[in-house]
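Here's the structure, in structure tokens; my notes come after.
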Amino acid sequence: MPLSNRDIVELTEWRRKLHQRPEISGEEEETAAEVAAFLAPTTPDRLLTGLGGHGLAAFYESGRPGPTLMFRSELDALPITEGTEAPHRSEISGKGHLCGHDGHMAILAGVARGLACRRPESGRVVLLFQPAEETGAGAAAILADPRFAEIAPDFAFALHNFPGLRLGHVALKDGAAACASRGMKITLTGRTAHASQPETGLSPMPAIARLMPELTALAAGGALVEDFSLVSITHAAMGEPAFGIAPGEAEIFATLRTLQDARMEALVARSEALVAETAGAFGLSFDITYEDVFFASDNDPDAVAHLRRALDHERIFHSPGEPMRASEDFGRFGASAKSALLFLGAGETHPPLHDPEYDFPDDLIAIGARIFLRTAYDILG
């Protein structure tokens with residue numbers, strides 16, 4: 001692989017620079033500009049910027065016919081305060097790269113350096129840096145951008161670092177890789193009253209007390225098999241923080257999660273029916289909206305076979321593993337390309353994703369770049 005020790009040192013330093021300046025979903029302007037500047041010495045044949053928001057795509061052409069391979073990374077960080085004492089810890093209050101997207105960007109930058117030394121012999125490679133992965137909005141915005149037609153990938157590949165899996169080992173399988181999920185926001189509306197005369201109002205209290213356990217009972221999780229589904233209550237609020245007011249409004253946030261997109265439709269229908277029934281039983285009106293909508297990530301067998309061949313060539317240990325309960329915005333790209341998502345072990349005792357103590361393991365930069373470069377060269381020559 002055409003990456004030197006100096007490359008790895010510089011990629012590590014750059015990763016830590018990104019870590020210090022995190023930007024959350026939809027605000028990645030500075031990060032995108034930093035990526036474009038860092039890629040410039042690799043002389044991409046084309047660079048699309050402002051794609052689906054702050055996204056960018058770098059093209060590395062062979063000049064000959066062949067497939068288009070797209071490798072995707074994410075740009076965004078999380079609205080969580082970092083808890084590490086690392087010298088490169090976040091300089092932005094309340095924001096941190098606590099999912100490892102800074103490391104994923106460094107991996108793709110390593111791929112760019114490899115392609116700068118040796119272009120593919122056929123087809124082309126596109127490195128996509130996607131905004132707003134954490135909210136589930138970024139991939140949809142990329143796909144909706146008319147310029148995505150200029151990419152039109154035949155294959156789409158991505159990885160995610162995975163705490164709990166041995167450092168540098170890979171989990172990869174055909175079929176389900178990450179769950180579908182969506183955030184369900186339920187608003188219940190009655191009538192506010194004085195706390196001394198609650199009977200003159202209409203409180204949502206009995207409805208919210210019934211809904212929370214009954215929603216979670218609809219889907220209790222369990223083993224990650226085909227019919228897996230889970231409802232998690234993530235937030236609930238009622239009325240104002242005062243003693244003199246009997247509340248007239250309440251809200252519940254619930255995350256719905258399934259392994260298959262088709263099963264999500266059924267879970268949504270059951271959840272909405274339960275809300276309607278409960279609100280009606282207590283004389284309340286209700287409203288339901290959805291945010292953070294993620295499709296399931298489903299690995300195409302042909303795309304998986306290419307990754308497995310690259311892993312074998314690079315002598316990187318891999319096993320099927322299990323799908324990830326969490327969701328990944330990468331799933332949307334499977335509708336327009338043969339796609340595959342692999343999980344790259346961050347260490348069995350490494351702090352979990354989204355934990356304040358999490359930091360991306362720099363040893364994974366070289367490994368991830370080797371996997372993707374080998375995949376590109378195996379397919380395109």
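If you're wondering about the labels, chains in the structure tokens are A, B, ... by order shown, residues count from 1 in each chain, ligands from 1 in order shown.
Neighbouring residues of Glu29 in chain A at 9 Å or closer, counting only C-alpha atoms and skipping chain neighbours under 6 positions away, are Glu23, Gly50, Gly53, His54 and Gly55 of chain A.
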Put those residues in a file: all heavy atoms, as a PDB file, in the first residue's frame.
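So again_17.pdb came out as:
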```pdb
ATOM      1  N   GLU A  23     -17.803  20.135  14.734  1.00  0.00           N
ATOM      2  CA  GLU A  23     -19.008  20.848  14.314  1.00  0.00           C
ATOM      3  C   GLU A  23     -20.147  19.834  14.223  1.00  0.00           C
ATOM      4  O   GLU A  23     -19.980  18.745  13.679  1.00  0.00           O
ATOM      5  CB  GLU A  23     -18.811  21.527  12.962  1.00  0.00           C
ATOM      6  CG  GLU A  23     -17.777  22.639  12.997  1.00  0.00           C
ATOM      7  CD  GLU A  23     -17.557  23.266  11.628  1.00  0.00           C
ATOM      8  OE1 GLU A  23     -17.127  22.541  10.713  1.00  0.00           O
ATOM      9  OE2 GLU A  23     -17.830  24.467  11.470  1.00  0.00           O
ATOM     10  N   GLY A  50     -20.220  21.743  -1.226  1.00  0.00           N
ATOM     11  CA  GLY A  50     -21.586  22.157  -0.950  1.00  0.00           C
ATOM     12  C   GLY A  50     -22.607  21.114  -1.361  1.00  0.00           C
ATOM     13  O   GLY A  50     -23.761  21.430  -1.664  1.00  0.00           O
ATOM     14  N   GLY A  53     -25.635  20.211   1.322  1.00  0.00           N
ATOM     15  CA  GLY A  53     -25.308  21.021   2.499  1.00  0.00           C
ATOM     16  C   GLY A  53     -23.825  21.319   2.481  1.00  0.00           C
ATOM     17  O   GLY A  53     -23.328  22.033   1.614  1.00  0.00           O
ATOM     18  N   HIS A  54     -23.076  20.745   3.429  1.00  0.00           N
ATOM     19  CA  HIS A  54     -21.631  20.977   3.486  1.00  0.00           C
ATOM     20  C   HIS A  54     -20.825  19.786   2.979  1.00  0.00           C
ATOM     21  O   HIS A  54     -19.605  19.734   3.182  1.00  0.00           O
ATOM     22  CB  HIS A  54     -21.205  21.301   4.924  1.00  0.00           C
ATOM     23  CG  HIS A  54     -21.803  22.560   5.455  1.00  0.00           C
ATOM     24  ND1 HIS A  54     -21.687  23.772   4.817  1.00  0.00           N
ATOM     25  CD2 HIS A  54     -22.565  22.805   6.564  1.00  0.00           C
ATOM     26  CE1 HIS A  54     -22.322  24.706   5.498  1.00  0.00           C
ATOM     27  NE2 HIS A  54     -22.872  24.142   6.566  1.00  0.00           N
ATOM     28  N   GLY A  55     -21.468  18.850   2.305  1.00  0.00           N
ATOM     29  CA  GLY A  55     -20.754  17.672   1.829  1.00  0.00           C
ATOM     30  C   GLY A  55     -19.781  17.988   0.705  1.00  0.00           C
ATOM     31  O   GLY A  55     -19.899  19.007   0.018  1.00  0.00           O
TER      32      GLY A  55
END
```
Using 9 Å as the limit and counting only C-alpha atoms, can you tabulate each residue of range 280-356 of chain A that touches range 157-167 of chain A, with its shortest atom-to-atom distance in Å and the two atoms involved, as a tab-separated table?
```
residue	atom	partner	partner_atom	distance
A:Ala303	CA	A:Phe157	CA	7.7
A:Leu307	CA	A:Phe157	CA	8.6
A:Glu328	CA	A:His160	CA	9.0
A:Phe330	CA	A:Ala158	CA	7.5
A:Lys338	CA	A:Phe157	CA	8.5
A:Ser339	CA	A:Phe157	CA	5.7
A:Ala340	CA	A:Phe157	CA	5.2
A:Leu341	CA	A:Ala158	CA	4.9
A:Leu342	CA	A:Leu159	CA	4.7
A:Phe343	CA	A:His160	CA	5.0
A:Leu344	CA	A:Asn161	CA	4.6
A:Gly345	CA	A:Leu165	CA	4.4
A:Ala346	CA	A:Pro163	CA	4.6
A:Gly347	CA	A:Leu167	CA	4.1
A:Glu348	CA	A:Gly164	CA	3.9
A:Thr349	CA	A:Gly164	CA	6.0
A:His350	CA	A:Pro163	CA	5.4
A:Pro351	CA	A:Pro163	CA	6.6
A:Pro352	CA	A:Pro163	CA	5.5
A:Leu353	CA	A:Pro163	CA	7.0
```
Expected file contents, prior selection, all heavy atoms, as a compact mmCIF listing (two decimals), in the first residue's frame:
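Final output, selection_36.txt:
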```txt
# COMPACT_ATOMS: atom_id res chain seq x y z
N ALA A 303 -20.89 -6.63 -2.81
CA ALA A 303 -20.03 -5.63 -2.16
C ALA A 303 -19.28 -6.25 -1.00
O ALA A 303 -18.08 -5.97 -0.79
CB ALA A 303 -20.88 -4.45 -1.69
N LEU A 307 -15.06 -6.66 -0.21
CA LEU A 307 -14.38 -6.29 1.04
C LEU A 307 -13.68 -7.49 1.67
O LEU A 307 -12.55 -7.36 2.17
CB LEU A 307 -15.39 -5.70 2.03
CG LEU A 307 -15.91 -4.30 1.73
CD1 LEU A 307 -17.00 -3.91 2.73
CD2 LEU A 307 -14.79 -3.26 1.76
N GLU A 328 -27.26 3.86 11.13
CA GLU A 328 -26.22 4.47 10.33
C GLU A 328 -26.86 5.05 9.08
O GLU A 328 -27.56 4.34 8.35
CB GLU A 328 -25.16 3.42 9.95
CG GLU A 328 -23.73 3.79 10.26
CD GLU A 328 -23.19 4.96 9.45
OE1 GLU A 328 -23.86 5.41 8.52
OE2 GLU A 328 -22.07 5.40 9.77
N PHE A 330 -25.74 5.63 6.36
CA PHE A 330 -25.21 5.03 5.13
C PHE A 330 -26.26 4.15 4.44
O PHE A 330 -26.18 3.93 3.23
CB PHE A 330 -23.97 4.20 5.48
CG PHE A 330 -23.31 3.54 4.31
CD1 PHE A 330 -22.64 4.28 3.36
CD2 PHE A 330 -23.35 2.16 4.17
CE1 PHE A 330 -22.02 3.67 2.29
CE2 PHE A 330 -22.74 1.54 3.10
CZ PHE A 330 -22.06 2.30 2.15
N LYS A 338 -24.66 -0.99 -5.01
CA LYS A 338 -24.36 -2.16 -4.18
C LYS A 338 -23.49 -1.67 -3.03
O LYS A 338 -22.37 -1.18 -3.26
CB LYS A 338 -23.64 -3.22 -5.00
CG LYS A 338 -24.51 -3.86 -6.08
CD LYS A 338 -23.77 -4.98 -6.79
CE LYS A 338 -24.69 -5.70 -7.78
NZ LYS A 338 -24.00 -6.83 -8.45
N SER A 339 -23.99 -1.77 -1.82
CA SER A 339 -23.30 -1.14 -0.70
C SER A 339 -22.96 -2.14 0.38
O SER A 339 -23.59 -3.20 0.50
CB SER A 339 -24.18 -0.02 -0.11
OG SER A 339 -25.33 -0.57 0.50
N ALA A 340 -21.94 -1.80 1.17
CA ALA A 340 -21.56 -2.63 2.31
C ALA A 340 -20.90 -1.75 3.36
O ALA A 340 -20.08 -0.88 3.06
CB ALA A 340 -20.62 -3.75 1.89
N LEU A 341 -21.28 -2.02 4.62
CA LEU A 341 -20.75 -1.33 5.79
C LEU A 341 -20.03 -2.35 6.66
O LEU A 341 -20.60 -3.38 7.00
CB LEU A 341 -21.91 -0.70 6.56
CG LEU A 341 -21.63 -0.12 7.95
CD1 LEU A 341 -20.78 1.14 7.84
CD2 LEU A 341 -22.95 0.20 8.66
N LEU A 342 -18.77 -2.07 6.99
CA LEU A 342 -18.04 -2.97 7.89
C LEU A 342 -17.76 -2.26 9.20
O LEU A 342 -17.75 -1.03 9.28
CB LEU A 342 -16.74 -3.47 7.25
CG LEU A 342 -15.60 -2.47 6.95
CD1 LEU A 342 -14.71 -2.21 8.18
CD2 LEU A 342 -14.73 -2.98 5.82
N PHE A 343 -17.53 -3.06 10.24
CA PHE A 343 -17.21 -2.53 11.57
C PHE A 343 -15.77 -2.87 11.89
O PHE A 343 -15.36 -4.02 11.80
CB PHE A 343 -18.16 -3.10 12.61
CG PHE A 343 -19.61 -2.77 12.32
CD1 PHE A 343 -20.49 -3.76 11.92
CD2 PHE A 343 -20.05 -1.47 12.41
CE1 PHE A 343 -21.81 -3.45 11.63
CE2 PHE A 343 -21.37 -1.15 12.12
CZ PHE A 343 -22.25 -2.14 11.73
N LEU A 344 -15.01 -1.84 12.26
CA LEU A 344 -13.58 -1.96 12.54
C LEU A 344 -13.37 -1.83 14.04
O LEU A 344 -13.67 -0.78 14.63
CB LEU A 344 -12.82 -0.89 11.77
CG LEU A 344 -11.30 -0.87 11.87
CD1 LEU A 344 -10.69 -2.21 11.45
CD2 LEU A 344 -10.72 0.27 11.02
N GLY A 345 -12.86 -2.89 14.65
CA GLY A 345 -12.75 -2.94 16.10
C GLY A 345 -11.91 -1.83 16.70
O GLY A 345 -10.78 -1.60 16.28
N ALA A 346 -12.46 -1.16 17.72
CA ALA A 346 -11.75 -0.09 18.42
C ALA A 346 -11.17 -0.56 19.75
O ALA A 346 -10.58 0.23 20.48
CB ALA A 346 -12.70 1.08 18.66
N GLY A 347 -11.34 -1.85 20.06
CA GLY A 347 -10.81 -2.38 21.31
C GLY A 347 -11.92 -2.89 22.21
O GLY A 347 -12.98 -2.26 22.32
N GLU A 348 -11.67 -4.01 22.85
CA GLU A 348 -12.70 -4.66 23.65
C GLU A 348 -13.11 -3.85 24.88
O GLU A 348 -14.23 -3.96 25.36
CB GLU A 348 -12.23 -6.05 24.07
CG GLU A 348 -12.09 -7.01 22.88
CD GLU A 348 -11.32 -8.27 23.23
OE1 GLU A 348 -10.12 -8.15 23.56
OE2 GLU A 348 -11.93 -9.35 23.17
N THR A 349 -12.20 -3.05 25.42
CA THR A 349 -12.51 -2.25 26.61
C THR A 349 -12.54 -0.76 26.31
O THR A 349 -12.56 0.06 27.24
CB THR A 349 -11.49 -2.53 27.72
OG1 THR A 349 -10.17 -2.16 27.27
CG2 THR A 349 -11.49 -4.01 28.12
N HIS A 350 -12.56 -0.40 25.05
CA HIS A 350 -12.56 1.02 24.67
C HIS A 350 -13.89 1.66 25.08
O HIS A 350 -14.94 1.03 24.99
CB HIS A 350 -12.37 1.15 23.16
CG HIS A 350 -11.95 2.51 22.72
ND1 HIS A 350 -10.66 2.97 22.85
CD2 HIS A 350 -12.65 3.53 22.15
CE1 HIS A 350 -10.59 4.20 22.37
NE2 HIS A 350 -11.79 4.57 21.95
N PRO A 351 -13.88 2.93 25.56
CA PRO A 351 -15.15 3.60 25.88
C PRO A 351 -16.11 3.55 24.69
O PRO A 351 -15.68 3.65 23.53
CB PRO A 351 -14.72 5.04 26.19
CG PRO A 351 -13.31 4.90 26.67
CD PRO A 351 -12.71 3.79 25.86
N PRO A 352 -17.39 3.38 24.94
CA PRO A 352 -18.35 3.23 23.84
C PRO A 352 -18.56 4.52 23.06
O PRO A 352 -18.22 5.62 23.52
CB PRO A 352 -19.63 2.80 24.56
CG PRO A 352 -19.48 3.27 25.95
CD PRO A 352 -18.02 3.22 26.26
N LEU A 353 -19.15 4.37 21.88
CA LEU A 353 -19.52 5.52 21.07
C LEU A 353 -20.49 6.41 21.84
O LEU A 353 -21.34 5.93 22.59
CB LEU A 353 -20.18 5.05 19.77
CG LEU A 353 -19.34 4.11 18.89
CD1 LEU A 353 -20.17 3.59 17.72
CD2 LEU A 353 -18.07 4.78 18.40
```
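For Thr278 in chain A, the list of residues within 8 Å, based on only C-alpha atoms and with local chain neighbours fewer than 3 positions off taken out, reads Ala207, Arg210, Leu211, Leu274, Val275, Ala281 and Phe282 of chain A.
Every protein or nucleic acid residue with an atom no more than 7 Å from range 86-89 of chain A, counting only C-alpha atoms and leaving out same-chain residues fewer than 5 positions away, appears here: Arg16, Lys17, His19 and Gln20 of chain A.
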Residues as selected, N, CA, C and O atoms, written as a PDB file, in the first residue's frame, can you do that?
```pdb
ATOM      1  N   ARG A  16      -6.321  14.653  14.895  1.00  0.00           N
ATOM      2  CA  ARG A  16      -6.396  15.314  16.197  1.00  0.00           C
ATOM      3  C   ARG A  16      -6.745  16.790  16.054  1.00  0.00           C
ATOM      4  O   ARG A  16      -7.423  17.359  16.919  1.00  0.00           O
ATOM      5  N   LYS A  17      -6.329  17.389  14.959  1.00  0.00           N
ATOM      6  CA  LYS A  17      -6.728  18.773  14.680  1.00  0.00           C
ATOM      7  C   LYS A  17      -8.238  18.851  14.452  1.00  0.00           C
ATOM      8  O   LYS A  17      -8.909  19.740  14.984  1.00  0.00           O
ATOM      9  N   HIS A  19     -10.362  16.821  15.649  1.00  0.00           N
ATOM     10  CA  HIS A  19     -10.986  16.511  16.933  1.00  0.00           C
ATOM     11  C   HIS A  19     -11.148  17.766  17.790  1.00  0.00           C
ATOM     12  O   HIS A  19     -12.114  17.881  18.551  1.00  0.00           O
ATOM     13  N   GLN A  20     -10.227  18.700  17.663  1.00  0.00           N
ATOM     14  CA  GLN A  20     -10.261  19.911  18.483  1.00  0.00           C
ATOM     15  C   GLN A  20     -11.334  20.898  18.033  1.00  0.00           C
ATOM     16  O   GLN A  20     -11.730  21.768  18.800  1.00  0.00           O
TER      17      GLN A  20
END
```
Apply DSSP to the structure's backbone, then extract all residues of range 127-241 of chain A labelled strand (DSSP E or B) and return them as an MDAnalysis selection string. chainID A and resid 127:130 155:163 170:171 175:178 180:189 191 193:194 202 220 229:238
Residues at most 9 Å from Ser90 in chain A, counting only C-alpha atoms, excluding those fewer than 2 positions away in the same chain, as a list in words? Leu18, His19, Gln20, Arg21, Pro22, Thr81, Glu82, Thr84, Ala86, His88, Ile92, Ser93, Gly94, Lys95, Gly96 and His97 of chain A
Among the residues of range 108-237 of chain A, find those DSSP assigns to helix (DSSP H, G or I) from the backbone and print them as a ChimeraX atom specification. /A:108-117,138-144,146-150,198-200,205-218
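One finds CA of Leu218 in chain A at 14.8 Å from CA of Ser181 in chain A.
Minimum atom-to-atom distances from A:Ile24, A:Ala116, A:Ile208, A:Leu172 to Glu133 in chain A were compared using only C-alpha atoms, and the lowest value belongs to A:Ile24.
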Test item: residues at most 12 Å from range 222-228 of chain A, only C-alpha atoms, excluding those fewer than 2 positions along its chain, as a ChimeraX atom specification: /A:175-181,218-220,230-231,256-264,266-267,296,321-326
